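A.B. asks: Quick one: the structure is below, and I'll ask about it shortly.
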Amino acid sequence: MRLTSAPACLGKDPLPEVWEPGAARPHLWAVRVSAYAPYASAQEHLLDPAERSRCQGFARPADRDRYRVAHVALRRLLGACLDRDPAAVRFVREPCPGCGAPHGRPAVAGAPLHFSLSHAGDAVLLAFADAPVGVDVEEEPSAEAAAEVAAMLHPAERAEIADLPPAARPSAVNRCWARKEAYLKGVGIGLGEDPSVTYVGTAPTPGAPDAWTLTDVPCPPGYAAACAVRTDRTWRLP
């Protein structure tokens with residue numbers, strides 16, 4: 001991964017990162033909400049009516065800022081990638097791989113580019129690839145919240161966490177959950193699949209779900225992030 005200067009499409013203040021791990025070579029951008037919020041506020045007109053309505057529906061200003069930053073940055077980057085007016089980008093939902101209904105991965109109408117978006121705390125993470133891709137960023141949970149999440153994980157992941165000293169468990173759970181969310185978002189089923197089904201691991205090296213490359217994304221202390229990209233285009237959910 002390398003740090004880059006901010007692309008012109010994002011304005012002056014964000015702190016983006018671009019990452020190319022190989023295989024389908026997804027590009028990842030990280031944007032700091034607190035740095036980008038003033039610019040995103042001035043660019044809210046780029047959002048479509050549904051996005052603006054959802055943004056204004058958040059009661060907390062911090063939640064509105066996070067949503068606005070994420071979606072303005074997404075439109076700006078998609079517009080640059082596709083050579084389109086960011087405001088004219090139209091989103092659709094792909095069929096769910098579990099039931100076939102139109103609530104699977106978000107996609108851009110009429111474009112082959114795949115993308116994924118995640119945000120937590122002061123961080124927004126966006127991925128773009130020529131194959132299905134998923135990203136997730138998470139803030140580290142409290143010990144109590146980590147214990148609740150750990151109880152939902154794959155049996156082997158629960159065993160790994162139980163073997164750790166209590167102080168190390170929240171970060172291990174967070175690392176595992178970011179991997180799991182990235183993978184399930186990439187598949188397009190999200191938490192329609194029980195978190196106990198697919199093993200992604202809690203150790204420093206991620207597990208390898210069939211037909212996917214799963215990689216941890218470096219991020220600031222207190223966060224965990226991961227990217228999943230499909231490496232076998234014939235794969236589909238059983």
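Each chain in the structure tokens gets a letter, A, B, ..., in the order shown, and its residues are numbered from 1; ligands are numbered from 1 in order too.
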Determine, counting only C-alpha atoms, which protein, DNA and RNA residues have an atom within 10 Å of an atom of Leu113 (chain A); residues of the same chain fewer than 4 positions away are not included. Present the result as a list of chain:residue names.
C.D. replies: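 The residues satisfying every condition are A:Leu78, A:Cys81, A:Leu82, A:Ala107, A:Val108, A:Ala109, A:Phe128, A:Ala129, A:Asp130, A:Ala131, A:Pro132, A:Val133.
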A.B. asks: Give me the residues near region 43-54 of chain A as a VMD selection string, where near means some atom within 9 Å (using only C-alpha atoms) and where sequence neighbours in that chain fewer than 2 positions away do not count.
C.D. replies: chain A and resid 38 to 41 56 to 58 64 67 to 69 71 to 72 75 to 76 85 to 90
A.B. asks: Using Å and a single decimal, report how far CA of Arg230 (chain A) sits from CA of Arg158 (chain A).
C.D. replies: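 Rounded to one decimal, the two atoms are 25.5 Å apart.
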A.B. asks: Nearest residue to Ala30 (chain A) out of A:Leu184, A:Leu77, A:Val173, A:Ala146, using only C-alpha atoms?
C.D. replies: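 With only C-alpha atoms as the atom set, the closest residue is A:Leu77.
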A.B. asks: In Å to one decimal, how far is CA of Val33 (chain A) from CA of Glu138 (chain A)?
C.D. replies: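 Value for the CA of Glu138 (chain A)-CA of Val33 (chain A) distance: 14.1 Å.
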A.B. asks: If you run DSSP on the backbone here, which positions in region 52-238 of chain A get strand (DSSP E or B)? Please write them as a PDB file with N, CA and C atoms, in the first residue's frame.
C.D. replies:
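Listed below is the output, selection_33.pdb:
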ATOM      1  N   PHE A  91     -27.300   4.119  -9.154  1.00  0.00           N
ATOM      2  CA  PHE A  91     -27.021   2.866  -8.465  1.00  0.00           C
ATOM      3  C   PHE A  91     -28.187   1.894  -8.614  1.00  0.00           C
ATOM      4  N   VAL A  92     -27.832   0.612  -8.695  1.00  0.00           N
ATOM      5  CA  VAL A  92     -28.822  -0.460  -8.712  1.00  0.00           C
ATOM      6  C   VAL A  92     -28.367  -1.525  -7.725  1.00  0.00           C
ATOM      7  N   ARG A  93     -29.223  -2.493  -7.492  1.00  0.00           N
ATOM      8  CA  ARG A  93     -28.868  -3.641  -6.650  1.00  0.00           C
ATOM      9  C   ARG A  93     -28.826  -4.898  -7.503  1.00  0.00           C
ATOM     10  N   PRO A 106     -24.552  -3.500  -4.156  1.00  0.00           N
ATOM     11  CA  PRO A 106     -24.822  -2.300  -4.959  1.00  0.00           C
ATOM     12  C   PRO A 106     -23.902  -2.267  -6.169  1.00  0.00           C
ATOM     13  N   ALA A 107     -24.406  -1.698  -7.261  1.00  0.00           N
ATOM     14  CA  ALA A 107     -23.642  -1.617  -8.500  1.00  0.00           C
ATOM     15  C   ALA A 107     -24.019  -0.335  -9.222  1.00  0.00           C
ATOM     16  N   VAL A 108     -23.185   0.041 -10.199  1.00  0.00           N
ATOM     17  CA  VAL A 108     -23.482   1.192 -11.044  1.00  0.00           C
ATOM     18  C   VAL A 108     -24.195   0.695 -12.293  1.00  0.00           C
ATOM     19  N   HIS A 114     -16.778  -2.794 -10.334  1.00  0.00           N
ATOM     20  CA  HIS A 114     -17.327  -3.221  -9.052  1.00  0.00           C
ATOM     21  C   HIS A 114     -16.791  -2.299  -7.946  1.00  0.00           C
ATOM     22  N   PHE A 115     -17.586  -2.078  -6.911  1.00  0.00           N
ATOM     23  CA  PHE A 115     -17.150  -1.212  -5.817  1.00  0.00           C
ATOM     24  C   PHE A 115     -17.725  -1.692  -4.500  1.00  0.00           C
ATOM     25  N   SER A 116     -17.140  -1.201  -3.417  1.00  0.00           N
ATOM     26  CA  SER A 116     -17.652  -1.473  -2.078  1.00  0.00           C
ATOM     27  C   SER A 116     -17.315  -0.282  -1.188  1.00  0.00           C
ATOM     28  N   LEU A 117     -18.133  -0.062  -0.180  1.00  0.00           N
ATOM     29  CA  LEU A 117     -18.011   1.104   0.695  1.00  0.00           C
ATOM     30  C   LEU A 117     -18.251   0.686   2.132  1.00  0.00           C
ATOM     31  N   SER A 118     -17.439   1.222   3.048  1.00  0.00           N
ATOM     32  CA  SER A 118     -17.641   0.984   4.473  1.00  0.00           C
ATOM     33  C   SER A 118     -17.211   2.227   5.234  1.00  0.00           C
ATOM     34  N   HIS A 119     -17.826   2.456   6.386  1.00  0.00           N
ATOM     35  CA  HIS A 119     -17.398   3.579   7.222  1.00  0.00           C
ATOM     36  C   HIS A 119     -17.641   3.257   8.686  1.00  0.00           C
ATOM     37  N   ALA A 120     -16.779   3.800   9.527  1.00  0.00           N
ATOM     38  CA  ALA A 120     -16.883   3.638  10.980  1.00  0.00           C
ATOM     39  C   ALA A 120     -16.069   4.740  11.635  1.00  0.00           C
ATOM     40  N   ALA A 123     -13.401   7.057   9.842  1.00  0.00           N
ATOM     41  CA  ALA A 123     -12.821   6.416   8.661  1.00  0.00           C
ATOM     42  C   ALA A 123     -13.885   6.017   7.651  1.00  0.00           C
ATOM     43  N   VAL A 124     -13.573   6.270   6.374  1.00  0.00           N
ATOM     44  CA  VAL A 124     -14.357   5.769   5.244  1.00  0.00           C
ATOM     45  C   VAL A 124     -13.407   4.982   4.365  1.00  0.00           C
ATOM     46  N   LEU A 125     -13.817   3.798   3.955  1.00  0.00           N
ATOM     47  CA  LEU A 125     -12.995   2.938   3.105  1.00  0.00           C
ATOM     48  C   LEU A 125     -13.801   2.587   1.863  1.00  0.00           C
ATOM     49  N   LEU A 126     -13.189   2.783   0.681  1.00  0.00           N
ATOM     50  CA  LEU A 126     -13.855   2.512  -0.589  1.00  0.00           C
ATOM     51  C   LEU A 126     -12.949   1.635  -1.440  1.00  0.00           C
ATOM     52  N   ALA A 127     -13.555   0.693  -2.165  1.00  0.00           N
ATOM     53  CA  ALA A 127     -12.794  -0.214  -3.031  1.00  0.00           C
ATOM     54  C   ALA A 127     -13.406  -0.234  -4.414  1.00  0.00           C
ATOM     55  N   PHE A 128     -12.533  -0.366  -5.437  1.00  0.00           N
ATOM     56  CA  PHE A 128     -12.953  -0.444  -6.824  1.00  0.00           C
ATOM     57  C   PHE A 128     -12.136  -1.549  -7.488  1.00  0.00           C
ATOM     58  N   ALA A 129     -12.800  -2.412  -8.263  1.00  0.00           N
ATOM     59  CA  ALA A 129     -12.094  -3.543  -8.867  1.00  0.00           C
ATOM     60  C   ALA A 129     -12.837  -3.998 -10.109  1.00  0.00           C
ATOM     61  N   VAL A 133     -15.991  -7.250  -5.202  1.00  0.00           N
ATOM     62  CA  VAL A 133     -15.101  -6.831  -4.126  1.00  0.00           C
ATOM     63  C   VAL A 133     -15.927  -6.374  -2.930  1.00  0.00           C
ATOM     64  N   GLY A 134     -15.391  -6.572  -1.741  1.00  0.00           N
ATOM     65  CA  GLY A 134     -16.034  -6.092  -0.527  1.00  0.00           C
ATOM     66  C   GLY A 134     -14.996  -5.538   0.424  1.00  0.00           C
ATOM     67  N   VAL A 135     -15.324  -4.463   1.116  1.00  0.00           N
ATOM     68  CA  VAL A 135     -14.440  -3.915   2.145  1.00  0.00           C
ATOM     69  C   VAL A 135     -15.240  -3.671   3.413  1.00  0.00           C
ATOM     70  N   ASP A 136     -14.523  -3.662   4.527  1.00  0.00           N
ATOM     71  CA  ASP A 136     -15.150  -3.305   5.791  1.00  0.00           C
ATOM     72  C   ASP A 136     -14.120  -2.679   6.701  1.00  0.00           C
ATOM     73  N   VAL A 137     -14.539  -1.645   7.427  1.00  0.00           N
ATOM     74  CA  VAL A 137     -13.707  -1.029   8.460  1.00  0.00           C
ATOM     75  C   VAL A 137     -14.543  -0.970   9.728  1.00  0.00           C
ATOM     76  N   GLU A 138     -13.913  -1.293  10.857  1.00  0.00           N
ATOM     77  CA  GLU A 138     -14.614  -1.374  12.137  1.00  0.00           C
ATOM     78  C   GLU A 138     -13.801  -0.699  13.231  1.00  0.00           C
ATOM     79  N   GLU A 139     -14.489  -0.023  14.158  1.00  0.00           N
ATOM     80  CA  GLU A 139     -13.835   0.462  15.370  1.00  0.00           C
ATOM     81  C   GLU A 139     -13.750  -0.673  16.383  1.00  0.00           C
ATOM     82  N   TRP A 212     -11.982 -16.689  -3.175  1.00  0.00           N
ATOM     83  CA  TRP A 212     -11.811 -15.291  -2.756  1.00  0.00           C
ATOM     84  C   TRP A 212     -10.404 -15.076  -2.204  1.00  0.00           C
ATOM     85  N   THR A 213      -9.864 -13.881  -2.422  1.00  0.00           N
ATOM     86  CA  THR A 213      -8.641 -13.438  -1.766  1.00  0.00           C
ATOM     87  C   THR A 213      -9.026 -12.453  -0.671  1.00  0.00           C
ATOM     88  N   LEU A 214      -8.655 -12.748   0.549  1.00  0.00           N
ATOM     89  CA  LEU A 214      -9.028 -11.940   1.706  1.00  0.00           C
ATOM     90  C   LEU A 214      -7.754 -11.373   2.325  1.00  0.00           C
ATOM     91  N   THR A 215      -7.691 -10.055   2.488  1.00  0.00           N
ATOM     92  CA  THR A 215      -6.479  -9.378   2.954  1.00  0.00           C
ATOM     93  C   THR A 215      -6.835  -8.328   3.985  1.00  0.00           C
ATOM     94  N   ASP A 216      -6.053  -8.248   5.057  1.00  0.00           N
ATOM     95  CA  ASP A 216      -6.220  -7.160   6.022  1.00  0.00           C
ATOM     96  C   ASP A 216      -5.672  -5.863   5.430  1.00  0.00           C
ATOM     97  N   TYR A 223      -8.787   0.640  14.936  1.00  0.00           N
ATOM     98  CA  TYR A 223      -9.619   0.200  13.822  1.00  0.00           C
ATOM     99  C   TYR A 223      -9.083  -1.121  13.276  1.00  0.00           C
ATOM    100  N   ALA A 224      -9.937  -1.845  12.599  1.00  0.00           N
ATOM    101  CA  ALA A 224      -9.541  -3.003  11.799  1.00  0.00           C
ATOM    102  C   ALA A 224     -10.266  -2.891  10.471  1.00  0.00           C
ATOM    103  N   ALA A 225      -9.601  -3.332   9.397  1.00  0.00           N
ATOM    104  CA  ALA A 225     -10.204  -3.253   8.074  1.00  0.00           C
ATOM    105  C   ALA A 225      -9.732  -4.418   7.231  1.00  0.00           C
ATOM    106  N   ALA A 226     -10.561  -4.789   6.254  1.00  0.00           N
ATOM    107  CA  ALA A 226     -10.227  -5.917   5.380  1.00  0.00           C
ATOM    108  C   ALA A 226     -10.849  -5.707   4.014  1.00  0.00           C
ATOM    109  N   CYS A 227     -10.255  -6.387   3.028  1.00  0.00           N
ATOM    110  CA  CYS A 227     -10.755  -6.366   1.656  1.00  0.00           C
ATOM    111  C   CYS A 227     -10.864  -7.797   1.148  1.00  0.00           C
ATOM    112  N   ALA A 228     -11.960  -8.107   0.476  1.00  0.00           N
ATOM    113  CA  ALA A 228     -12.157  -9.417  -0.145  1.00  0.00           C
ATOM    114  C   ALA A 228     -12.433  -9.205  -1.623  1.00  0.00           C
ATOM    115  N   VAL A 229     -11.723  -9.929  -2.491  1.00  0.00           N
ATOM    116  CA  VAL A 229     -11.954  -9.827  -3.924  1.00  0.00           C
ATOM    117  C   VAL A 229     -12.115 -11.225  -4.499  1.00  0.00           C
ATOM    118  N   ARG A 230     -13.086 -11.396  -5.376  1.00  0.00           N
ATOM    119  CA  ARG A 230     -13.342 -12.709  -5.942  1.00  0.00           C
ATOM    120  C   ARG A 230     -12.310 -13.018  -7.020  1.00  0.00           C
TER     121      ARG A 230
END
A.B. asks: Out of A:Asp65, A:Ala111, A:Pro206, A:Pro97, which residue has the shortest atom-to-atom distance to Asp83 (chain A) when counting only C-alpha atoms?
C.D. replies: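 With only C-alpha atoms as the atom set, the closest residue is A:Ala111.
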A.B. asks: Tell me which of A:Leu28, A:Ala42, A:Gly186, A:Cys96 sits closest to Leu74 (chain A), counting only C-alpha atoms.
C.D. replies: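 Closest residue, counting only C-alpha atoms: A:Leu28.
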A.B. asks: I'd like to know which of A:Ala37, A:Ala70, A:Leu164, A:Cys176 is closest to Ala150 (chain A), using only C-alpha atoms.
C.D. replies: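 Looking only at the distances to Ala150 (chain A), the closest residue turns out to be A:Cys176.
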A.B. asks: Take CA of Lys180 (chain A) and CA of His27 (chain A) and report the distance between them in Å, one decimal.
C.D. replies: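 CA of His27 (chain A) lies 19.4 Å from CA of Lys180 (chain A).
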A.B. asks: Just checking: using only C-alpha atoms, which residue out of A:Pro204, A:Gly121, A:Gly98, A:Pro218 ends up closest to Trp29 (chain A)?
C.D. replies: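 Selected residue with least distance to Trp29 (chain A): A:Pro218.
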A.B. asks: Can you check which residues of region 106-189 of chain A DSSP gives as helix (DSSP H, G or I) on the backbone and send them as a ChimeraX atom specification?
C.D. replies: /A:143-150,155-162,166-187
